[in-house]
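Just below is one structure, and these are the notes that go with it.
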Amino acid sequence: MSAISMILVVIVAFFAGMEGILDQFQFHQPLIACTLIGLVTGNLEAGIILGGSLQMIALGWANIGAAVAPDAALAAVASAIILVKGGQGVHGVNTAIAVAIPLAVAGLFLTMLVRTISVAIVHIMDREAEKANFKAIEMWQLIALFLQGLRIALPAALLLFIPSSVVQGFLESMPAWLTDGMTIGGGMVVAVGYAMVINMMATREVWPFFAIGFVLAAVSEFTLIALGTLGLAFALIYLNLEGNGGNGNNSKGGSNTGDPLGDILDDY
Amino acid sequence: MVENKVNLTKKDRLSVAWRSTFLQGSWNYERMQNGGWVYAMIPAIKRLYTTKEDQAAALKRHLEFFNTHPYVASPILGVTLALEEEKANGVEVEDAAISGVKVGMMGPLAGVGDPVFWFTARPIIGALGASLAIAGNIMGPILFFVLWNVMRIAFQWYTQEFGYKAGSKITEDVSGGLLQKVTRGASMMGMFVLGALIERWVSIKFTPVVSRTPVQKGGYIEWDKLPSGGKGIQQALEQWNMGKGLSLTSTKVTTLQQNLDQLIPGLVALLLTFLCMWLLKKNVSPILIIIGIFVIGILGHVIGLL
């Protein structure tokens with residue numbers, strides 16, 4: 001890997017680290033981070049495929065309140081670097097994903113560490129606020145953010161300095177049953193992310209929507225966009241019908257425009 | 001009073017909106033987003049207050065605990081800007097009132113932001129991008145990045161302006177029906193797409209062979225009777241007819257997976273998801289579940305089940 005590529009990888013990692021906490025531009029999402037690392041190292045296609053595969057696993061990972069999800073930023077950046085150094089191109093994607101998962105866990109501890117350091121930083125801000133020192137508060141805010149960037153950039157730099165031959169030797173020493181098994185596990189592990197999301201959203205009211213989505217997905221002619229449109233349409237229909245039912249017959253003029261079953265029930 | 005009335009300019013508000021991007025930069029376990037919040041408020045505080053004492057008081061006021069979804073902080077910022085503007089112009093606005101508005105809004109709005117952005121919009125846009133990317137298509141990441149950021153920036157700017165114009169009146173809207181409707185609608189759409197995603201993207205294949213039945217003569221392609229060369233290939237393909245015609249081999253192999261797919265496609269994926277949900281509800285760490293699934297994948301492969 002050339003020196004310029006290495007510097008660019010560290011910069012991408014730095015942005016992924018900052019975004020891992022900010023959650024705004026989404027540079028830390030595997031889809032973006034892996035693609036960018038693929039791009040700056042000349043492995044664009046492998047990077048995109050790795051990003052897409054990891055993104056599927058990480059779909060439900062979100063920081064809610066003080067709870068921290070597995071660290072998508074470190075998983076994405078480190079696995080992309082390993083993919084590039086392994087030199088297997090597209091064929092190395094599955095192994096890279098398997099390596100990414102333990103890294104997502106390791107990333108958790110780094111995130112917690114920086115979030116604890118930030119406690120001290122806001123106390124410094126308190127002192128500067130007494131003096132109405134705007135410049136200092138702004139500077140400390142950016143220092144805290146900078147630390148979050150380093151949280152990913154430093155591990156990335158360390159990984160870059162491990163010789164490619166070591167990485168390749170490690171990947172090649174993995175027996176086929178292990179890598180194939182990990183690929184199979186990778187296909188199933190996606191369920192965990194979905195389960196996290198469902199646990200957050202599910203109410204009695206929304207389960208029928210889940211069932212319809214599940215059944216309709218078996219129709220392979222529907223693309224994801226088509227399915228999304230259907231989902232949106234169903235939700236809108238439901239909310240509208242519910243609204244009409246609630247307002248009853250007063251505003252709509254004739255009662256024949258509303259929900260006939262609802263009217264019968266109301267009369268009853 | 002009237003002549004020295006201070007107002008926030010559009011430039012100030014844009015500056016606040018841009019700085020709110022860094023809301024979570026100093027996220028900490030003690031007061032969470034407080035550092036980012038005061039960082040975002042600084043342009044407004046500078047404009048509104050001129051004496052050191054007032055500025056220091058305002059800075060301290062906004063270093064209190066704050067935590068919500070990072071995007072729905074924008075309408076709260078808007079309202080807070082409106083209140084600070086009134087206060088700076090001499091209207092009696094207690095510090096407690098400003099804190100009250102912040103705290104009163106952050107809970108309910110986080111309850112909207114998390115399901116709408118993290119559990120509906122990002123999984124859907126992410127899955128859309130990822131499904132393209134898995135095939136090596138550069139449009140996947142580009143689509144995800146552009147769609148997400150256009151949506152996010154538009155939301156942040158317009159809701160901040162909305163909050164600023166509505167002022168403290170917005171608190172009535174928060175408890176009102178519209179936001180609740182948006183949240184519920186998003187949950188419905190989200191659940192629909194999740195159901196679809198589980199069917200499509202959780203892949204489990206049981207490989208054990210359930211049955212080997214010989215195919216009747218005439219039901220399979222008799223390879224030794226085909227003419228040689230290209231003509232033979234053509235005939236074979238015609239007879240095979242994309243899987244709808246004759247069988248390729250003289251015995252029909254049925255795997256466990258094919259039997260399950262005839263019942264309900266994706267059933268095992270669904271059951272696995274339910275299992276994960278149950279484990280998560282039992283407070284099993286997601287990390288542990290993920291590692292467990294990899295172990296099962298490897299063991300299952302070694303014994304020939306998966």
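In the structure tokens, the first chain shown is A, the next is B, and so on; residue numbers restart at 1 for each chain, and ligands run from 1 in the order shown.
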
Name the residues of stretch 13-96 of chain A that come out as helix (DSSP H, G or I) in a backbone DSSP run; write them as a PyMOL selection string. chain A and resi 13-22+30-40+44-58+72-86+89-96

Closest of A:Ala191, A:Met112, A:Ile237, A:Val99 to A:Ala80, counting only C-alpha atoms, is A:Val99

May I have the residues within 7 Å of B:Leu248 as a PyMOL selection string, using only C-alpha atoms and disregarding those fewer than 6 positions away in the same chain? chain B and resi 220-221+240

Quick one: everything within 10 Å of A:Ala58, counting only C-alpha atoms, minus sequence neighbours fewer than 2 positions away in the same chain. Send it as a PyMOL selection string. (chain A and resi 29-31+52-56+60-62+69-72+75-76+101+104+189-190+192-194) or (chain B and resi 123+126-127)

Step one, run DSSP on the backbone; step two, keep only residues of stretch 74-265 of chain B assigned to strand (DSSP E or B); then write them as a PyMOL selection string. chain B and resi 209-214+220+247+251-255

Give me a file of those residues, with all heavy atoms, as a compact mmCIF listing (two decimals), in the first residue's frame.
```txt
# COMPACT_ATOMS: atom_id res chain seq x y z
N VAL B 209 -29.97 -34.16 3.19
CA VAL B 209 -30.84 -34.66 2.14
C VAL B 209 -31.95 -35.48 2.77
O VAL B 209 -31.71 -36.37 3.57
CB VAL B 209 -30.02 -35.51 1.15
CG1 VAL B 209 -30.94 -36.17 0.14
CG2 VAL B 209 -28.99 -34.63 0.47
N VAL B 210 -33.17 -35.13 2.44
CA VAL B 210 -34.31 -35.82 3.02
C VAL B 210 -34.64 -37.07 2.21
O VAL B 210 -34.90 -38.14 2.76
CB VAL B 210 -35.55 -34.90 3.07
CG1 VAL B 210 -36.69 -35.60 3.79
CG2 VAL B 210 -35.19 -33.61 3.77
N SER B 211 -34.63 -36.92 0.90
CA SER B 211 -35.01 -38.08 0.09
C SER B 211 -34.28 -38.06 -1.24
O SER B 211 -33.93 -37.02 -1.77
CB SER B 211 -36.52 -38.05 -0.16
OG SER B 211 -36.85 -36.92 -0.94
N ARG B 212 -34.03 -39.26 -1.75
CA ARG B 212 -33.50 -39.44 -3.11
C ARG B 212 -34.46 -40.36 -3.83
O ARG B 212 -34.50 -41.54 -3.57
CB ARG B 212 -32.15 -40.13 -3.05
CG ARG B 212 -30.97 -39.22 -2.81
CD ARG B 212 -29.72 -40.07 -2.68
NE ARG B 212 -28.78 -39.46 -1.76
CZ ARG B 212 -27.94 -38.49 -2.13
NH1 ARG B 212 -27.93 -38.07 -3.37
NH2 ARG B 212 -27.12 -37.96 -1.25
N THR B 213 -35.26 -39.79 -4.71
CA THR B 213 -36.20 -40.65 -5.43
C THR B 213 -35.79 -40.70 -6.89
O THR B 213 -35.47 -39.68 -7.48
CB THR B 213 -37.63 -40.12 -5.35
OG1 THR B 213 -37.58 -38.71 -5.56
CG2 THR B 213 -38.26 -40.41 -4.01
N PRO B 214 -35.81 -41.90 -7.47
CA PRO B 214 -35.48 -41.99 -8.89
C PRO B 214 -36.57 -41.34 -9.74
O PRO B 214 -37.76 -41.44 -9.41
CB PRO B 214 -35.40 -43.50 -9.15
CG PRO B 214 -36.06 -44.14 -7.99
CD PRO B 214 -36.10 -43.18 -6.86
N TYR B 220 -36.29 -37.26 -17.14
CA TYR B 220 -34.97 -36.63 -17.05
C TYR B 220 -34.27 -36.66 -18.41
O TYR B 220 -34.67 -37.41 -19.32
CB TYR B 220 -34.09 -37.31 -15.99
CG TYR B 220 -33.84 -38.78 -16.21
CD1 TYR B 220 -32.72 -39.20 -16.94
CD2 TYR B 220 -34.70 -39.74 -15.69
CE1 TYR B 220 -32.50 -40.55 -17.14
CE2 TYR B 220 -34.48 -41.08 -15.89
CZ TYR B 220 -33.37 -41.49 -16.62
OH TYR B 220 -33.13 -42.80 -16.83
N SER B 247 -35.74 -33.17 -15.77
CA SER B 247 -34.75 -33.10 -14.70
C SER B 247 -33.35 -33.32 -15.28
O SER B 247 -33.18 -34.01 -16.29
CB SER B 247 -35.07 -34.14 -13.64
OG SER B 247 -33.97 -34.27 -12.78
N THR B 251 -31.96 -39.04 -10.56
CA THR B 251 -32.57 -39.12 -9.23
C THR B 251 -32.89 -37.72 -8.76
O THR B 251 -32.15 -36.77 -9.01
CB THR B 251 -31.63 -39.76 -8.19
OG1 THR B 251 -30.33 -39.23 -8.36
CG2 THR B 251 -31.61 -41.27 -8.28
N LYS B 252 -34.03 -37.56 -8.06
CA LYS B 252 -34.44 -36.26 -7.56
C LYS B 252 -34.00 -36.15 -6.10
O LYS B 252 -34.39 -36.96 -5.26
CB LYS B 252 -35.96 -36.13 -7.64
CG LYS B 252 -36.48 -34.76 -7.24
CD LYS B 252 -37.96 -34.65 -7.59
CE LYS B 252 -38.49 -33.25 -7.38
NZ LYS B 252 -38.74 -32.93 -6.00
N VAL B 253 -33.13 -35.16 -5.82
CA VAL B 253 -32.63 -34.99 -4.46
C VAL B 253 -33.40 -33.87 -3.79
O VAL B 253 -33.49 -32.76 -4.31
CB VAL B 253 -31.13 -34.65 -4.48
CG1 VAL B 253 -30.61 -34.47 -3.06
CG2 VAL B 253 -30.35 -35.72 -5.20
N THR B 254 -33.99 -34.15 -2.65
CA THR B 254 -34.72 -33.12 -1.91
C THR B 254 -33.97 -32.85 -0.61
O THR B 254 -33.71 -33.79 0.15
CB THR B 254 -36.15 -33.58 -1.57
OG1 THR B 254 -36.71 -34.15 -2.74
CG2 THR B 254 -36.98 -32.42 -1.10
N THR B 255 -33.61 -31.59 -0.37
CA THR B 255 -32.97 -31.28 0.90
C THR B 255 -34.03 -30.84 1.89
O THR B 255 -35.16 -30.49 1.52
CB THR B 255 -31.94 -30.15 0.76
OG1 THR B 255 -32.62 -28.97 0.35
CG2 THR B 255 -30.87 -30.51 -0.25
```

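Put simply, atom CA of A:Ser79 is 8.8 Å away from atom CA of A:Thr95.
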
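Take atom CA of B:Trp148 and atom CA of A:Ser220: the distance between them is 26.2 Å.
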
Which neighbours of stretch 63-80 of chain B fall inside 7 Å, counting only C-alpha atoms, when residues of the same chain fewer than 4 positions from it are skipped, and could you give them as a compact mmCIF listing (two decimals) with all heavy atoms, in the first residue's frame?
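So the final result, stored in out36.txt, reads:
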```txt
# COMPACT_ATOMS: atom_id res chain seq x y z
N LEU B 23 -23.52 18.17 17.99
CA LEU B 23 -24.21 18.04 19.26
C LEU B 23 -23.62 16.96 20.15
O LEU B 23 -23.48 17.13 21.35
CB LEU B 23 -25.70 17.75 19.01
CG LEU B 23 -26.57 17.64 20.26
CD1 LEU B 23 -26.71 19.00 20.92
CD2 LEU B 23 -27.94 17.10 19.93
N ARG B 31 -23.46 14.43 31.80
CA ARG B 31 -24.56 15.28 31.34
C ARG B 31 -24.83 15.11 29.84
O ARG B 31 -25.48 15.93 29.22
CB ARG B 31 -24.26 16.74 31.69
CG ARG B 31 -24.66 17.08 33.13
CD ARG B 31 -24.12 18.44 33.56
NE ARG B 31 -22.69 18.36 33.87
CZ ARG B 31 -21.91 19.44 33.99
NH1 ARG B 31 -22.39 20.65 33.81
NH2 ARG B 31 -20.63 19.29 34.26
N MET B 32 -24.28 14.04 29.29
CA MET B 32 -24.58 13.60 27.92
C MET B 32 -24.31 14.65 26.84
O MET B 32 -23.16 14.94 26.56
CB MET B 32 -25.99 13.02 27.84
CG MET B 32 -26.13 11.88 28.86
SD MET B 32 -27.55 10.84 28.61
CE MET B 32 -27.25 9.61 29.89
N GLN B 33 -25.34 15.27 26.27
CA GLN B 33 -25.09 16.18 25.13
C GLN B 33 -24.90 17.63 25.55
O GLN B 33 -24.99 18.52 24.71
CB GLN B 33 -26.27 16.10 24.14
CG GLN B 33 -26.45 14.73 23.52
CD GLN B 33 -27.80 14.58 22.86
OE1 GLN B 33 -28.72 15.35 23.12
NE2 GLN B 33 -27.95 13.59 22.00
N ASN B 34 -24.63 17.90 26.81
CA ASN B 34 -24.63 19.30 27.27
C ASN B 34 -23.55 20.15 26.58
O ASN B 34 -23.78 21.29 26.25
CB ASN B 34 -24.50 19.36 28.80
CG ASN B 34 -23.13 18.96 29.30
OD1 ASN B 34 -22.46 18.14 28.67
ND2 ASN B 34 -22.73 19.52 30.42
N GLY B 35 -22.35 19.55 26.39
CA GLY B 35 -21.28 20.32 25.75
C GLY B 35 -21.64 20.72 24.33
O GLY B 35 -21.43 21.86 23.92
N VAL B 38 -24.35 23.57 24.32
CA VAL B 38 -23.86 24.93 24.56
C VAL B 38 -23.04 25.40 23.36
O VAL B 38 -23.10 26.56 22.96
CB VAL B 38 -23.08 25.02 25.89
CG1 VAL B 38 -21.64 24.58 25.74
CG2 VAL B 38 -23.13 26.43 26.47
N LEU B 59 -24.32 30.73 29.40
CA LEU B 59 -23.49 29.55 29.12
C LEU B 59 -23.74 28.46 30.17
O LEU B 59 -23.90 27.29 29.84
CB LEU B 59 -22.01 29.93 29.10
CG LEU B 59 -21.54 30.72 27.88
CD1 LEU B 59 -20.11 31.20 28.08
CD2 LEU B 59 -21.64 29.88 26.62
N GLU B 84 -34.78 32.54 24.51
CA GLU B 84 -33.61 33.35 24.86
C GLU B 84 -33.74 34.76 24.27
O GLU B 84 -33.34 35.75 24.89
CB GLU B 84 -32.32 32.69 24.38
CG GLU B 84 -31.87 31.49 25.22
CD GLU B 84 -31.33 31.89 26.59
OE1 GLU B 84 -31.16 33.09 26.85
OE2 GLU B 84 -31.08 30.98 27.41
N ILE B 98 -36.85 28.04 30.73
CA ILE B 98 -36.05 27.57 29.61
C ILE B 98 -35.63 26.11 29.82
O ILE B 98 -35.77 25.27 28.94
CB ILE B 98 -34.82 28.48 29.41
CG1 ILE B 98 -35.30 29.88 28.97
CG2 ILE B 98 -33.87 27.90 28.38
CD1 ILE B 98 -34.22 30.91 28.85
N LYS B 102 -36.71 22.67 27.62
CA LYS B 102 -35.72 21.72 27.10
C LYS B 102 -36.01 20.30 27.59
O LYS B 102 -36.10 19.36 26.81
CB LYS B 102 -34.31 22.13 27.53
CG LYS B 102 -33.71 23.23 26.67
CD LYS B 102 -32.47 23.86 27.32
CE LYS B 102 -31.34 22.86 27.47
NZ LYS B 102 -30.17 23.49 28.15
N MET B 105 -39.33 18.79 26.33
CA MET B 105 -39.38 18.37 24.93
C MET B 105 -38.45 17.21 24.62
O MET B 105 -38.72 16.42 23.72
CB MET B 105 -39.03 19.55 24.02
CG MET B 105 -40.10 20.61 23.96
SD MET B 105 -39.60 21.98 22.91
CE MET B 105 -39.92 21.30 21.29
N MET B 106 -37.33 17.11 25.35
CA MET B 106 -36.33 16.12 24.91
C MET B 106 -36.81 14.68 25.03
O MET B 106 -36.52 13.86 24.17
CB MET B 106 -35.00 16.33 25.61
CG MET B 106 -34.96 15.96 27.07
SD MET B 106 -33.38 16.49 27.80
CE MET B 106 -33.56 15.76 29.42
N GLY B 107 -37.60 14.39 26.05
CA GLY B 107 -38.09 13.02 26.24
C GLY B 107 -39.05 12.57 25.13
O GLY B 107 -38.76 11.63 24.40
N LEU B 109 -39.70 13.90 22.28
CA LEU B 109 -39.15 13.97 20.93
C LEU B 109 -38.14 12.85 20.66
O LEU B 109 -38.07 12.34 19.55
CB LEU B 109 -38.50 15.34 20.68
CG LEU B 109 -39.51 16.45 20.38
CD1 LEU B 109 -38.80 17.78 20.24
CD2 LEU B 109 -40.30 16.14 19.12
N ALA B 110 -37.38 12.47 21.69
CA ALA B 110 -36.48 11.32 21.50
C ALA B 110 -37.32 10.09 21.20
O ALA B 110 -36.93 9.24 20.39
CB ALA B 110 -35.63 11.08 22.74
N GLY B 113 -37.87 10.46 17.54
CA GLY B 113 -36.66 10.39 16.71
C GLY B 113 -36.09 8.99 16.59
O GLY B 113 -35.69 8.58 15.49
N ASP B 114 -36.03 8.26 17.70
CA ASP B 114 -35.43 6.93 17.64
C ASP B 114 -36.17 5.99 16.70
O ASP B 114 -35.55 5.41 15.81
CB ASP B 114 -35.29 6.34 19.05
CG ASP B 114 -34.21 7.05 19.86
OD1 ASP B 114 -33.29 7.60 19.24
OD2 ASP B 114 -34.29 7.05 21.10
N GLN B 156 -33.46 19.05 9.88
CA GLN B 156 -32.88 19.83 10.96
C GLN B 156 -33.14 21.32 10.79
O GLN B 156 -33.53 22.01 11.72
CB GLN B 156 -31.38 19.56 11.08
CG GLN B 156 -31.11 18.18 11.65
CD GLN B 156 -29.64 17.85 11.68
OE1 GLN B 156 -28.90 18.21 10.77
NE2 GLN B 156 -29.19 17.14 12.70
N THR B 159 -37.15 22.12 10.96
CA THR B 159 -37.76 21.99 12.28
C THR B 159 -37.17 23.02 13.26
O THR B 159 -37.87 23.48 14.15
CB THR B 159 -37.58 20.58 12.88
OG1 THR B 159 -36.20 20.27 12.91
CG2 THR B 159 -38.35 19.55 12.09
N GLN B 160 -35.92 23.40 13.07
CA GLN B 160 -35.36 24.43 13.93
C GLN B 160 -36.08 25.76 13.69
O GLN B 160 -36.46 26.47 14.62
CB GLN B 160 -33.86 24.60 13.72
CG GLN B 160 -33.24 25.59 14.72
CD GLN B 160 -31.81 25.95 14.38
OE1 GLN B 160 -30.98 25.07 14.24
NE2 GLN B 160 -31.54 27.23 14.27
N GLU B 161 -36.29 26.09 12.40
CA GLU B 161 -37.02 27.30 12.06
C GLU B 161 -38.45 27.25 12.59
O GLU B 161 -38.97 28.23 13.11
CB GLU B 161 -37.05 27.49 10.53
CG GLU B 161 -35.75 28.01 9.95
CD GLU B 161 -35.46 29.43 10.42
OE1 GLU B 161 -36.07 30.36 9.84
OE2 GLU B 161 -34.65 29.62 11.34
N PHE B 162 -39.06 26.08 12.45
CA PHE B 162 -40.42 25.90 12.95
C PHE B 162 -40.48 26.15 14.46
O PHE B 162 -41.35 26.88 14.95
CB PHE B 162 -40.92 24.49 12.61
CG PHE B 162 -42.25 24.16 13.19
CD1 PHE B 162 -43.40 24.74 12.68
CD2 PHE B 162 -42.36 23.27 14.25
CE1 PHE B 162 -44.63 24.43 13.21
CE2 PHE B 162 -43.60 22.97 14.79
CZ PHE B 162 -44.73 23.55 14.28
N GLY B 163 -39.51 25.57 15.16
CA GLY B 163 -39.46 25.76 16.61
C GLY B 163 -39.25 27.22 16.98
O GLY B 163 -39.87 27.75 17.90
N TYR B 164 -38.37 27.88 16.21
CA TYR B 164 -38.05 29.28 16.50
C TYR B 164 -39.29 30.15 16.31
O TYR B 164 -39.57 31.05 17.10
CB TYR B 164 -36.92 29.73 15.56
CG TYR B 164 -36.58 31.19 15.64
CD1 TYR B 164 -35.98 31.72 16.78
CD2 TYR B 164 -36.84 32.04 14.57
CE1 TYR B 164 -35.67 33.06 16.86
CE2 TYR B 164 -36.52 33.38 14.64
CZ TYR B 164 -35.94 33.89 15.78
OH TYR B 164 -35.62 35.21 15.85
N GLY B 167 -42.05 29.16 18.93
CA GLY B 167 -41.70 29.51 20.30
C GLY B 167 -42.23 28.49 21.28
O GLY B 167 -42.33 27.31 20.97
N SER B 168 -42.61 28.99 22.43
CA SER B 168 -43.00 28.05 23.49
C SER B 168 -44.32 27.36 23.19
O SER B 168 -44.69 26.41 23.86
CB SER B 168 -43.08 28.79 24.82
OG SER B 168 -43.81 29.98 24.65
```

Leaving out A:Asn133 and any residue of its chain fewer than 6 positions from it, which residues lie within 10 Å of it when counting only C-alpha atoms, given as an mmCIF file with N, CA and C atoms, in the first residue's frame?
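Full text of around_6.cif as output:
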```cif
data_model
loop_
_atom_site.group_PDB
_atom_site.id
_atom_site.type_symbol
_atom_site.label_atom_id
_atom_site.label_comp_id
_atom_site.auth_asym_id
_atom_site.auth_seq_id
_atom_site.Cartn_x
_atom_site.Cartn_y
_atom_site.Cartn_z
ATOM 1 N N MET A 125 -15.299 22.901 30.666
ATOM 2 C CA MET A 125 -16.237 23.853 30.049
ATOM 3 C C MET A 125 -16.970 24.646 31.119
ATOM 4 N N ARG A 127 -15.925 25.573 34.006
ATOM 5 C CA ARG A 127 -15.038 26.622 34.535
ATOM 6 C C ARG A 127 -14.908 27.775 33.543
ATOM 7 N N LYS B 52 -20.549 40.472 30.323
ATOM 8 C CA LYS B 52 -19.888 39.222 30.708
ATOM 9 C C LYS B 52 -20.780 38.394 31.628
ATOM 10 N N GLN B 55 -23.611 36.727 29.736
ATOM 11 C CA GLN B 55 -23.084 35.662 28.887
ATOM 12 C C GLN B 55 -22.737 34.431 29.709
ATOM 13 N N ALA B 56 -22.041 34.659 30.853
ATOM 14 C CA ALA B 56 -21.646 33.539 31.703
ATOM 15 C C ALA B 56 -22.878 32.811 32.216
ATOM 16 N N LEU B 59 -24.321 30.731 29.398
ATOM 17 C CA LEU B 59 -23.494 29.545 29.121
ATOM 18 C C LEU B 59 -23.741 28.463 30.166
#
```

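Excluding stretch 5-8 of chain A itself and any same-chain residue fewer than 6 positions from it, the protein and nucleic acid residues within 9 Å of it, counting only C-alpha atoms, are A:Ile37, A:Val40, A:Thr41, A:Gly42, A:Ala157, A:Leu160.
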